[in-house]
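Colleague: One structure coming up, written as structure tokens, with questions to follow.
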Number of protein chains: 2
Amino acid sequence: MAALRNDTLIRALLREPTPYTPVWLMRQAGRYLPEYNATRARAGSFLALCKSPQLATEVTLQPLERFSLDAAILFSDILTVPDAMGLGLHFADGEGPRFERTAADEASIARLAPPDPEVELRYVMDAVREIRRALDGRVPLIGFSGSPFTLACYMVEGRGSDDFRNVKRLVYSRPDLAHRLLEVNARAVADYLNAQIAAGAQAVMIFDTWGGTLAHHAYLEFSLAYIERVVGSLVRSRDGARVPSIVFTKGGGQWLEAIAACGCDAVGLDWTTSLGAARARVGDRVALQGNLDPLVLLGDPAAVRRETERVLADYGAGAGHVFNLGHGIVPQTPPESVAALVETVRAVSPRLHPSGSARSM
Amino acid sequence: MAALRNDTLIRALLREPTPYTPVWLMRQAGRYLPEYNATRARAGSFLALCKSPQLATEVTLQPLERFSLDAAILFSDILTVPDAMGLGLHFADGEGPRFERTAADEASIARLAPPDPEVELRYVMDAVREIRRALDGRVPLIGFSGSPFTLACYMVEGRGSDDFRNVKRLVYSRPDLAHRLLEVNARAVADYLNAQIAAGAQAVMIFDTWGGTLAHHAYLEFSLAYIERVVGSLVRSRDGARVPSIVFTKGGGQWLEAIAACGCDAVGLDWTTSLGAARARVGDRVALQGNLDPLVLLGDPAAVRRETERVLADYGAGAGHVFNLGHGIVPQTPPESVAALVETVRAVSPRLHPSGSARSM
């Protein structure tokens, strides 16, 4: 495959000097882009779009045509893994994801087994290969998965929830069963991410969207412990290049030190945590990714520029920052806001990287 | 009014020794109790229940008949204040609160004025007086209000929201207008809490349910700064007794030091923060209230006892802990779980208070 022409993201994730702060955005390929909506309409459904390597490639590249982003992220869904375990994922119109079957009791959890990524999730691996070909070394491709606990949330509830009460009942009253489910998920996620790396993913990210709803001790036991197992199982380099890993627990700012010690290269943070304070807490152990409030993008361009500069200044000068949002772009975002964000990062961040800049010029 | 026979809560909030850890629960008078549902059915609606001092008194006292709780909390709603400002609160069946009018633009915000609590919110003050008479000194009565920012969330959106995007748009793009709205709210909340204290409330709590959705710097500027104004305006004692204040920002664990410096006597914490770690961070500056995950109460009694003991042990020995949940009781809670919780606190906590215990025996 083509050599990487822009390795800013990879270097920043490994805390190496870069000439500017690299930027990519969670859900950068998504409903705020008219061209995405057109492709999705052609696909017929969100799930059909995920399952078509050709169309997934098309939407993965769309934001790169508009904005100077430093990474592409695989277009897919975190629930492809439980779907491949046989739970039957579907999306009701205008509603969130639903599973036909749950994994919430002794019998249904006993039946679970990690899928073979190159068989049951072949369409994802084909998408990774096709995106890499299409990118042709332009920027790195990030692969991803939901965390074992976040997958368990949907597998137990059968859908999204505002409090995930059935998962919590399992965690508090049947911790043995919760652990059995999480062990299967951790093996499945590790296999899945390693298969993405084998197929061409140049960095990987674990999305722990719901770990932050757990009590502090339960987070360590039921979410972070399994993320740590996954990270410990990951292939660390491919074709001589390091493949950095990013762990993002939404609402996990309080547990930053613990997350930073899980073996990952970078920690994603949402907007409730100051990057400057976070940096003081973790020192040089990990890179930090984030963390503009995505709803800033609903404001006027002056607000977008001001808040983007605030995030850059909060991290401060030096290596180890990847600019991102604190969570996914919302569909109501005007594309002009994303343009203002990316332009501001490119215009302002070089002065935060004197050594990286000198080196690359 | 009758002298307080059980002042354990007040003493714990002031970090004075007590023989055991006092316990009360957010939403302890609520839908998980069949007797509450019966009274509510008689009232006709939730709002009618809030607006009847007699029925509000009845439901406020119901949980005290079942459980050995160390406080009563005024039965009311945080949205009575914007309702009294003329926004027209109503509850659609099976849905959350709605306002007929929003306060989201220049004109509507300019029209706002703090209500006179003894006029527009007379029914609340009457309820406070009637509850104090009915309690007859048994336990203290806690008064409360939503925080200025949390009220603003509903006033701008006109209803609940999963991301409060209109409030955030105001905060990021029209900070001047957001500040104007918050100034009115801060005066209204201070007047409202002081009127509750004058009517008989023996402690007051500010519920900042949504401040935790803000970015770290925006929290300080748009939520905590106004909580601080309110706390600074509060009457500190009545009839020679201190009236402690509690500030609870859901999701605010990361900002504990800043909250603890706002002038309040106690800080409420949700279940994502370790009480032991929190205590190490704030030292003897404030008491801490919390923080069992309310969903623990959906588990079996053994889990309730185990997790209750874990919270007590996490805080550790000594003064300054008020046992509570990390958020309100959910309607699906079996009352037996609450019994198991309260019994566990009463059985286990005396050994954490050797000096308080010796003193009172």
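Going through the structure tokens in order, the chains are called A, B, and so on, while each chain numbers its residues from 1 and the ligands are numbered from 1 in the order shown.
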Please provide the set of residues having any atom within 10 Å of range 215-229 of chain A, restricted to only C-alpha atoms, with same-chain residues fewer than 4 positions apart removed, written as a tab-separated table (two decimals) with C-alpha atoms, in the first residue's frame.
Modeller:
chain	number	residue	atom	x	y	z
A	146	GLY	CA	-17.12	0.11	20.72
A	147	SER	CA	-15.70	-0.86	24.11
A	148	PRO	CA	-16.69	-4.21	25.61
A	149	PHE	CA	-18.93	-2.47	28.17
A	150	THR	CA	-20.56	-0.14	25.64
A	152	ALA	CA	-22.79	-4.90	26.46
A	168	LYS	CA	-26.73	-1.94	35.78
A	171	VAL	CA	-23.60	-5.46	37.00
A	172	TYR	CA	-24.83	-5.02	40.57
A	175	PRO	CA	-21.59	-9.54	38.36
A	178	ALA	CA	-21.74	-9.42	33.47
A	179	HIS	CA	-18.12	-10.56	33.54
A	182	LEU	CA	-17.63	-8.73	28.93
A	183	GLU	CA	-15.00	-11.45	28.46
A	184	VAL	CA	-16.59	-12.52	25.18
A	185	ASN	CA	-16.88	-8.89	24.10
A	186	ALA	CA	-13.24	-8.17	24.95
A	187	ARG	CA	-12.06	-11.10	22.81
A	189	VAL	CA	-13.22	-6.41	20.10
A	190	ALA	CA	-9.53	-7.39	20.18
A	206	ILE	CA	-12.03	2.35	21.32
A	207	PHE	CA	-15.28	4.24	21.92
A	208	ASP	CA	-16.52	3.77	25.46
A	210	TRP	CA	-21.44	4.52	28.15
A	211	GLY	CA	-18.70	3.57	30.63
A	233	SER	CA	-3.99	-7.78	22.83
A	234	LEU	CA	-3.53	-5.25	20.04
A	247	VAL	CA	-9.25	5.20	24.32
A	249	THR	CA	-14.62	7.16	27.67
A	252	GLY	CA	-14.41	9.68	31.98
A	254	GLN	CA	-12.37	12.01	36.53
A	255	TRP	CA	-10.71	8.68	35.80
A	258	ALA	CA	-6.50	5.17	35.39
A	259	ILE	CA	-7.35	5.34	31.69
A	261	ALA	CA	-2.39	3.65	32.57
A	262	CYS	CA	-4.32	1.09	30.46
A	263	GLY	CA	-1.60	0.77	27.84
A	264	CYS	CA	-3.09	3.06	25.20
B	270	ASP	CA	-23.12	11.72	41.95
B	271	TRP	CA	-21.89	8.10	41.84
B	272	THR	CA	-19.09	8.73	39.35
B	273	THR	CA	-16.91	10.34	42.03
B	274	SER	CA	-15.24	8.43	44.84
B	275	LEU	CA	-16.22	10.06	48.15
B	291	ASN	CA	-23.52	9.05	46.39
B	292	LEU	CA	-25.03	5.63	45.78
B	293	ASP	CA	-26.03	4.94	42.16
B	296	VAL	CA	-28.37	-0.12	42.70
B	310	ARG	CA	-19.12	0.46	49.97
B	326	GLY	CA	-26.12	10.20	43.51
Colleague: Mind listing the helix (DSSP H, G or I) residues of range 253-318 of chain B, per DSSP on the backbone, as a PyMOL selection string?
Modeller: chain B and resi 253-260+275-282+294-298+301-315
Colleague: Please produce a file of those selected residues containing C-alpha atoms, as a CSV table (one decimal), in the first residue's frame.
Modeller:
chain,number,residue,atom,x,y,z
B,253,GLY,CA,-17.1,15.7,40.2
B,254,GLN,CA,-14.3,17.1,38.2
B,255,TRP,CA,-15.0,20.6,39.4
B,256,LEU,CA,-15.3,19.7,43.1
B,257,GLU,CA,-12.6,22.1,44.3
B,258,ALA,CA,-14.3,25.0,42.6
B,259,ILE,CA,-17.7,24.1,43.9
B,260,ALA,CA,-16.4,23.6,47.4
B,275,LEU,CA,-16.2,10.1,48.1
B,276,GLY,CA,-12.9,9.1,49.6
B,277,ALA,CA,-11.0,10.7,46.8
B,278,ALA,CA,-13.3,13.7,47.0
B,279,ARG,CA,-12.7,14.1,50.7
B,280,ALA,CA,-8.9,14.0,50.1
B,281,ARG,CA,-9.4,16.8,47.6
B,282,VAL,CA,-11.5,19.2,49.7
B,294,PRO,CA,-29.9,5.0,42.4
B,295,LEU,CA,-30.0,2.0,40.0
B,296,VAL,CA,-28.4,-0.1,42.7
B,297,LEU,CA,-31.8,-0.1,44.3
B,298,LEU,CA,-33.2,-2.1,41.3
B,301,PRO,CA,-31.2,-6.6,48.7
B,302,ALA,CA,-27.8,-8.2,49.1
B,303,ALA,CA,-26.5,-5.9,46.3
B,304,VAL,CA,-28.1,-2.9,48.0
B,305,ARG,CA,-26.4,-3.7,51.3
B,306,ARG,CA,-23.1,-4.3,49.7
B,307,GLU,CA,-23.1,-1.1,47.7
B,308,THR,CA,-24.4,0.9,50.6
B,309,GLU,CA,-21.5,-0.3,52.8
B,310,ARG,CA,-19.1,0.5,50.0
B,311,VAL,CA,-20.2,4.1,49.9
B,312,LEU,CA,-19.9,4.4,53.7
B,313,ALA,CA,-16.4,2.8,53.6
B,314,ASP,CA,-15.4,5.0,50.7
B,315,TYR,CA,-16.1,8.2,52.8
Colleague: With a distance cut-off of 10 Å and only C-alpha atoms, select the neighbouring residues of Leu352 in chain A, excluding the residue or stretch itself and same-chain residues fewer than 5 positions from it, and output the selection as a VMD selection string.
Modeller: chain A and resid 18 to 21 312 to 313 315 to 319 357
Colleague: Please write the residues from the selection above to a file, keeping N, CA and C atoms, as an mmCIF file, in the first residue's frame.
Modeller:
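And here's selection_4.cif as it stands now:
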data_model
loop_
_atom_site.group_PDB
_atom_site.id
_atom_site.type_symbol
_atom_site.label_atom_id
_atom_site.label_comp_id
_atom_site.auth_asym_id
_atom_site.auth_seq_id
_atom_site.Cartn_x
_atom_site.Cartn_y
_atom_site.Cartn_z
ATOM 1 N N THR A 18 5.365 17.681 15.744
ATOM 2 C CA THR A 18 4.658 17.869 14.476
ATOM 3 C C THR A 18 4.670 19.367 14.162
ATOM 4 N N PRO A 19 4.498 19.738 12.893
ATOM 5 C CA PRO A 19 4.541 21.175 12.575
ATOM 6 C C PRO A 19 3.281 21.920 13.006
ATOM 7 N N TYR A 20 2.202 21.216 13.228
ATOM 8 C CA TYR A 20 0.936 21.854 13.668
ATOM 9 C C TYR A 20 0.140 20.781 14.402
ATOM 10 N N THR A 21 -0.963 21.161 14.977
ATOM 11 C CA THR A 21 -1.815 20.219 15.696
ATOM 12 C C THR A 21 -2.733 19.520 14.690
ATOM 13 N N LEU A 312 -7.131 24.997 21.879
ATOM 14 C CA LEU A 312 -5.695 24.933 21.553
ATOM 15 C C LEU A 312 -4.858 25.541 22.677
ATOM 16 N N ALA A 313 -5.288 26.700 23.179
ATOM 17 C CA ALA A 313 -4.535 27.378 24.240
ATOM 18 C C ALA A 313 -4.577 26.571 25.531
ATOM 19 N N TYR A 315 -4.614 23.290 25.877
ATOM 20 C CA TYR A 315 -3.557 22.275 25.823
ATOM 21 C C TYR A 315 -2.186 22.934 25.905
ATOM 22 N N GLY A 316 -2.024 24.020 25.186
ATOM 23 C CA GLY A 316 -0.749 24.744 25.229
ATOM 24 C C GLY A 316 0.246 24.259 24.202
ATOM 25 N N ALA A 317 1.474 24.743 24.310
ATOM 26 C CA ALA A 317 2.506 24.442 23.322
ATOM 27 C C ALA A 317 3.083 23.054 23.530
ATOM 28 N N GLY A 318 3.553 22.466 22.409
ATOM 29 C CA GLY A 318 4.257 21.195 22.516
ATOM 30 C C GLY A 318 3.501 20.054 21.870
ATOM 31 N N ALA A 319 4.148 18.901 21.851
ATOM 32 C CA ALA A 319 3.620 17.714 21.168
ATOM 33 C C ALA A 319 2.524 17.045 21.990
ATOM 34 N N SER A 357 7.742 22.548 13.855
ATOM 35 C CA SER A 357 7.687 23.400 12.695
ATOM 36 C C SER A 357 9.069 23.547 12.068
#
Colleague: For each of B:Asp284, B:Asp300, B:Asp116, B:Glu100, take the minimum atom-to-atom distance to Val81 in chain B, counting only C-alpha atoms, then give the residue where this is smallest.
Modeller: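 Among B:Asp284, B:Asp300, B:Asp116, B:Glu100, it is B:Asp116 that comes nearest to Val81 in chain B.
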Colleague: Would you list, as a VMD selection string, the residues of range 120-247 of chain B that end up in strand (DSSP E or B) under DSSP run on this structure's backbone?
Modeller: chain B and resid 141 to 146 159 203 to 208 237 to 238 241 to 242 245 to 247
Colleague: Neighbouring residues of Leu89 in chain B were defined as those with any atom within 12 Å, considering only C-alpha atoms; residues of the same chain fewer than 6 positions away were excluded. Please report them as a PDB file with C-alpha atoms, in the first residue's frame.
Modeller:
ATOM      1  CA  PHE B  46     -48.369  16.366  39.556  1.00  0.00           C
ATOM      2  CA  LEU B  47     -48.662  20.138  39.339  1.00  0.00           C
ATOM      3  CA  ALA B  48     -51.887  20.189  41.377  1.00  0.00           C
ATOM      4  CA  CYS B  50     -47.184  20.659  44.062  1.00  0.00           C
ATOM      5  CA  LYS B  51     -49.646  23.535  44.336  1.00  0.00           C
ATOM      6  CA  ASP B  77     -40.631  20.996  41.483  1.00  0.00           C
ATOM      7  CA  ILE B  78     -37.609  22.990  40.357  1.00  0.00           C
ATOM      8  CA  LEU B  79     -39.706  24.644  37.648  1.00  0.00           C
ATOM      9  CA  THR B  80     -42.096  26.492  39.974  1.00  0.00           C
ATOM     10  CA  VAL B  81     -39.819  29.546  39.730  1.00  0.00           C
ATOM     11  CA  PRO B  82     -39.971  30.039  35.929  1.00  0.00           C
ATOM     12  CA  ASP B  83     -43.675  29.192  36.144  1.00  0.00           C
ATOM     13  CA  GLY B  96     -41.766  15.788  30.901  1.00  0.00           C
ATOM     14  CA  PRO B  97     -42.365  19.434  31.751  1.00  0.00           C
ATOM     15  CA  ARG B  98     -43.297  21.976  29.097  1.00  0.00           C
ATOM     16  CA  PHE B  99     -43.471  25.755  29.112  1.00  0.00           C
ATOM     17  CA  GLU B 100     -46.062  27.587  27.036  1.00  0.00           C
ATOM     18  CA  ARG B 101     -43.608  30.441  26.491  1.00  0.00           C
ATOM     19  CA  THR B 102     -39.813  30.348  26.299  1.00  0.00           C
ATOM     20  CA  TYR B 154     -35.828  24.724  30.618  1.00  0.00           C
ATOM     21  CA  MET B 155     -36.662  28.399  30.077  1.00  0.00           C
ATOM     22  CA  GLY B 158     -39.245  25.266  26.756  1.00  0.00           C
ATOM     23  CA  ARG B 159     -38.835  21.630  27.838  1.00  0.00           C
TER      24      ARG B 159
END
Colleague: Please identify all polymer residues within 10 Å of range 241-243 of chain A, counting only C-alpha atoms, omitting same-chain residues fewer than 6 positions from it, and present them as a list in words.
Modeller: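 In the requested form, the answer reads Ile10, Arg11, Leu13, Leu14, Ile142, Ile197, Ala201, Gln202, Ala203, Val204, Leu234, Val235 and Asp265 of chain A.
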Colleague: Applying 8 Å and only C-alpha atoms, which residues near Gly328 in chain A remain after dropping the ones on its own chain fewer than 4 positions away? List them as a PyMOL selection string.
Modeller: chain A and resi 25-28+294
Colleague: Please dump the current selection as a short mmCIF file (atom, residue, chain, number, x, y, z; two decimals), in the first residue's frame; keep N, CA and C atoms.
Modeller:
data_model
loop_
_atom_site.label_atom_id
_atom_site.label_comp_id
_atom_site.auth_asym_id
_atom_site.auth_seq_id
_atom_site.Cartn_x
_atom_site.Cartn_y
_atom_site.Cartn_z
N LEU A 25 -12.43 14.83 13.22
CA LEU A 25 -13.62 15.03 14.03
C LEU A 25 -14.45 13.76 14.11
N MET A 26 -14.86 13.41 15.31
CA MET A 26 -15.74 12.26 15.45
C MET A 26 -17.02 12.50 14.65
N ARG A 27 -17.44 11.50 13.88
CA ARG A 27 -18.57 11.60 12.93
C ARG A 27 -18.33 12.64 11.84
N GLN A 28 -17.06 12.79 11.43
CA GLN A 28 -16.78 13.76 10.36
C GLN A 28 -17.47 13.37 9.05
N PRO A 294 -19.23 19.78 20.77
CA PRO A 294 -19.75 19.77 19.38
C PRO A 294 -20.85 20.79 19.16
#
Colleague: Between CA of Glu118 in chain A and CA of Leu74 in chain A, measure the distance and give it in Å to one decimal.
Modeller: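 Calculated distance between CA of Glu118 in chain A and CA of Leu74 in chain A is 16.1 Å.
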Colleague: Have a look at A:Gly212, A:Gly283, A:Pro22, A:Pro140 and name the one nearest to chain B; count only C-alpha atoms.
Modeller: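 Distance minimum relative to chain B lands on A:Gly212.
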Colleague: If you count only C-alpha atoms, which residues fall within 9 Å of Leu55 in chain B, apart from same-chain ones fewer than 3 positions away, as a ChimeraX atom specification?
Modeller: /B:39-40,42-43,48-52,58-60,127
Colleague: May I have the selected residues written with C-alpha atoms, as a PDB file, in the first residue's frame?
Modeller:
ATOM      1  CA  THR B  39     -52.221  11.000  46.855  1.00  0.00           C
ATOM      2  CA  ARG B  40     -51.167  12.100  43.406  1.00  0.00           C
ATOM      3  CA  ARG B  42     -56.391  12.367  44.409  1.00  0.00           C
ATOM      4  CA  ALA B  43     -54.614  15.592  43.437  1.00  0.00           C
ATOM      5  CA  ALA B  48     -51.887  20.189  41.377  1.00  0.00           C
ATOM      6  CA  LEU B  49     -50.046  18.132  43.995  1.00  0.00           C
ATOM      7  CA  CYS B  50     -47.184  20.659  44.062  1.00  0.00           C
ATOM      8  CA  LYS B  51     -49.646  23.535  44.336  1.00  0.00           C
ATOM      9  CA  SER B  52     -51.667  22.084  47.237  1.00  0.00           C
ATOM     10  CA  GLU B  58     -48.896  14.647  53.053  1.00  0.00           C
ATOM     11  CA  VAL B  59     -46.443  13.253  50.478  1.00  0.00           C
ATOM     12  CA  THR B  60     -43.442  14.967  52.090  1.00  0.00           C
ATOM     13  CA  ALA B 127     -46.334  24.114  52.125  1.00  0.00           C
TER      14      ALA B 127
END
Colleague: Find the residue from B:Val156, B:Ile246, B:Leu214, B:Val231 that sits nearest to chain A; use only C-alpha atoms when measuring.
Modeller: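 Counting only C-alpha atoms, the residue closest to chain A is B:Leu214.
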Colleague: Could you jot down the CA of Phe75 in chain A to CA of Val139 in chain A separation for me, Å, one decimal place?
Modeller: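 Interatomic distance, CA of Phe75 in chain A to CA of Val139 in chain A: 15.1 Å.
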Colleague: Could you check which of A:Arg132, A:Arg351, A:His327, A:Arg238 is closest to Ala71 in chain A, using only C-alpha atoms?
Modeller: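 Distance minimum relative to Ala71 in chain A lands on A:Arg132.
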